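Novice: Below is the structure I would like to discuss, written out as structure tokens.
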Amino acid sequence: MTYWKCKACGDIQQGKSPPEECNVCFAGRDSFVRIDDKDVDLLERSEKRQKYRRIFKKGFERRLSKK
Ligand SMILES: [Zn+2]
């Protein structure tokens, strides 16, 4: 399994290649670095981040819709 860590916010996403952009901070593909399966503690921290991600994204979408 391959994971990618966002250098900007520390979020971790799974996939064969780095995501187009970060779900959390919307950083580009260049911001992702590959990490190993063994970095389990990082993954756990990322899961805790999931709920904040949803809150953050909601706020971001709200800002977009106001424009
Ligand atoms: Zn990020």
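Following the order of the structure tokens, first chain is A, next is B, and so on, with residues numbered from 1 inside each chain and ligands from 1 in the order they appear.
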Please provide the set of residues having any atom within 12 Å of Glu20 of chain A, restricted to only C-alpha atoms, with same-chain residues fewer than 6 positions apart removed, written as a PyMOL selection string.
Specialist: chain A and resi 4+6+13+26-32
Novice: List all protein, DNA and RNA residues that have at least one atom no more than 8 Å from any atom of ligand 1, counting only C-alpha atoms and all ligand atoms, and write them as a list in words.
Specialist: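 Those within range of ligand 1 are Lys5, Cys6, Lys7, Ala8, Cys9, Gly10, Asp11, Glu21, Cys22, Asn23, Val24, Cys25, Phe26, Ala27 and Ser31 of chain A.
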Novice: Restricting it to N, CA and C atoms, dump the selection as an mmCIF file, in the first residue's frame.
Specialist:
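This went into again-v1.cif:
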data_model
loop_
_atom_site.group_PDB
_atom_site.id
_atom_site.type_symbol
_atom_site.label_atom_id
_atom_site.label_comp_id
_atom_site.auth_asym_id
_atom_site.auth_seq_id
_atom_site.Cartn_x
_atom_site.Cartn_y
_atom_site.Cartn_z
ATOM 1 N N LYS A 5 1.978 11.808 1.965
ATOM 2 C CA LYS A 5 1.818 12.786 3.037
ATOM 3 C C LYS A 5 1.968 14.190 2.489
ATOM 4 N N CYS A 6 1.027 15.027 2.889
ATOM 5 C CA CYS A 6 1.077 16.429 2.478
ATOM 6 C C CYS A 6 2.096 17.160 3.352
ATOM 7 N N LYS A 7 3.070 17.772 2.724
ATOM 8 C CA LYS A 7 4.097 18.480 3.474
ATOM 9 C C LYS A 7 3.546 19.751 4.102
ATOM 10 N N ALA A 8 2.495 20.270 3.504
ATOM 11 C CA ALA A 8 1.938 21.538 3.973
ATOM 12 C C ALA A 8 1.173 21.385 5.287
ATOM 13 N N CYS A 9 0.317 20.333 5.376
ATOM 14 C CA CYS A 9 -0.532 20.222 6.565
ATOM 15 C C CYS A 9 -0.372 18.885 7.283
ATOM 16 N N GLY A 10 0.360 17.925 6.707
ATOM 17 C CA GLY A 10 0.586 16.651 7.369
ATOM 18 C C GLY A 10 -0.495 15.619 7.115
ATOM 19 N N ASP A 11 -1.463 15.923 6.285
ATOM 20 C CA ASP A 11 -2.520 14.965 5.971
ATOM 21 C C ASP A 11 -1.949 13.799 5.167
ATOM 22 N N GLU A 21 -4.769 17.197 -5.480
ATOM 23 C CA GLU A 21 -4.609 18.247 -4.482
ATOM 24 C C GLU A 21 -5.013 17.720 -3.113
ATOM 25 N N CYS A 22 -4.548 18.400 -2.092
ATOM 26 C CA CYS A 22 -4.807 17.970 -0.725
ATOM 27 C C CYS A 22 -6.255 18.261 -0.350
ATOM 28 N N ASN A 23 -6.902 17.264 0.286
ATOM 29 C CA ASN A 23 -8.290 17.454 0.716
ATOM 30 C C ASN A 23 -8.421 18.488 1.826
ATOM 31 N N VAL A 24 -7.344 18.675 2.550
ATOM 32 C CA VAL A 24 -7.398 19.540 3.723
ATOM 33 C C VAL A 24 -6.998 20.967 3.385
ATOM 34 N N CYS A 25 -5.805 21.129 2.807
ATOM 35 C CA CYS A 25 -5.284 22.487 2.602
ATOM 36 C C CYS A 25 -5.204 22.859 1.126
ATOM 37 N N PHE A 26 -5.602 21.919 0.225
ATOM 38 C CA PHE A 26 -5.661 22.181 -1.207
ATOM 39 C C PHE A 26 -4.301 22.473 -1.832
ATOM 40 N N ALA A 27 -3.258 21.964 -1.183
ATOM 41 C CA ALA A 27 -1.923 22.076 -1.775
ATOM 42 C C ALA A 27 -1.840 21.172 -3.004
ATOM 43 N N SER A 31 3.298 18.879 -3.334
ATOM 44 C CA SER A 31 3.445 18.963 -1.883
ATOM 45 C C SER A 31 3.427 17.600 -1.207
#
Novice: Which residues come within 7 Å of Tyr3 of chain A, counting only C-alpha atoms, excluding same-chain residues fewer than 5 positions away, as a list in words?
Specialist: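 The residues that qualify are Ile12, Gln13, Gln14, Gly15, Arg34, Ile35 and Asp36 of chain A.
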Novice: Could the residues in this selection be written to a file with C-alpha atoms, as a compact mmCIF listing (two decimals), in the first residue's frame?
Specialist:
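See again-v6.txt below for the written result:
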# COMPACT_ATOMS: atom_id res chain seq x y z
CA ILE A 12 -2.05 11.42 4.66
CA GLN A 13 -3.87 10.01 1.64
CA GLN A 14 -3.78 6.58 0.05
CA GLY A 15 -3.20 5.85 -3.61
CA ARG A 34 5.64 9.11 -0.30
CA ILE A 35 5.57 7.32 3.05
CA ASP A 36 5.74 3.66 4.11
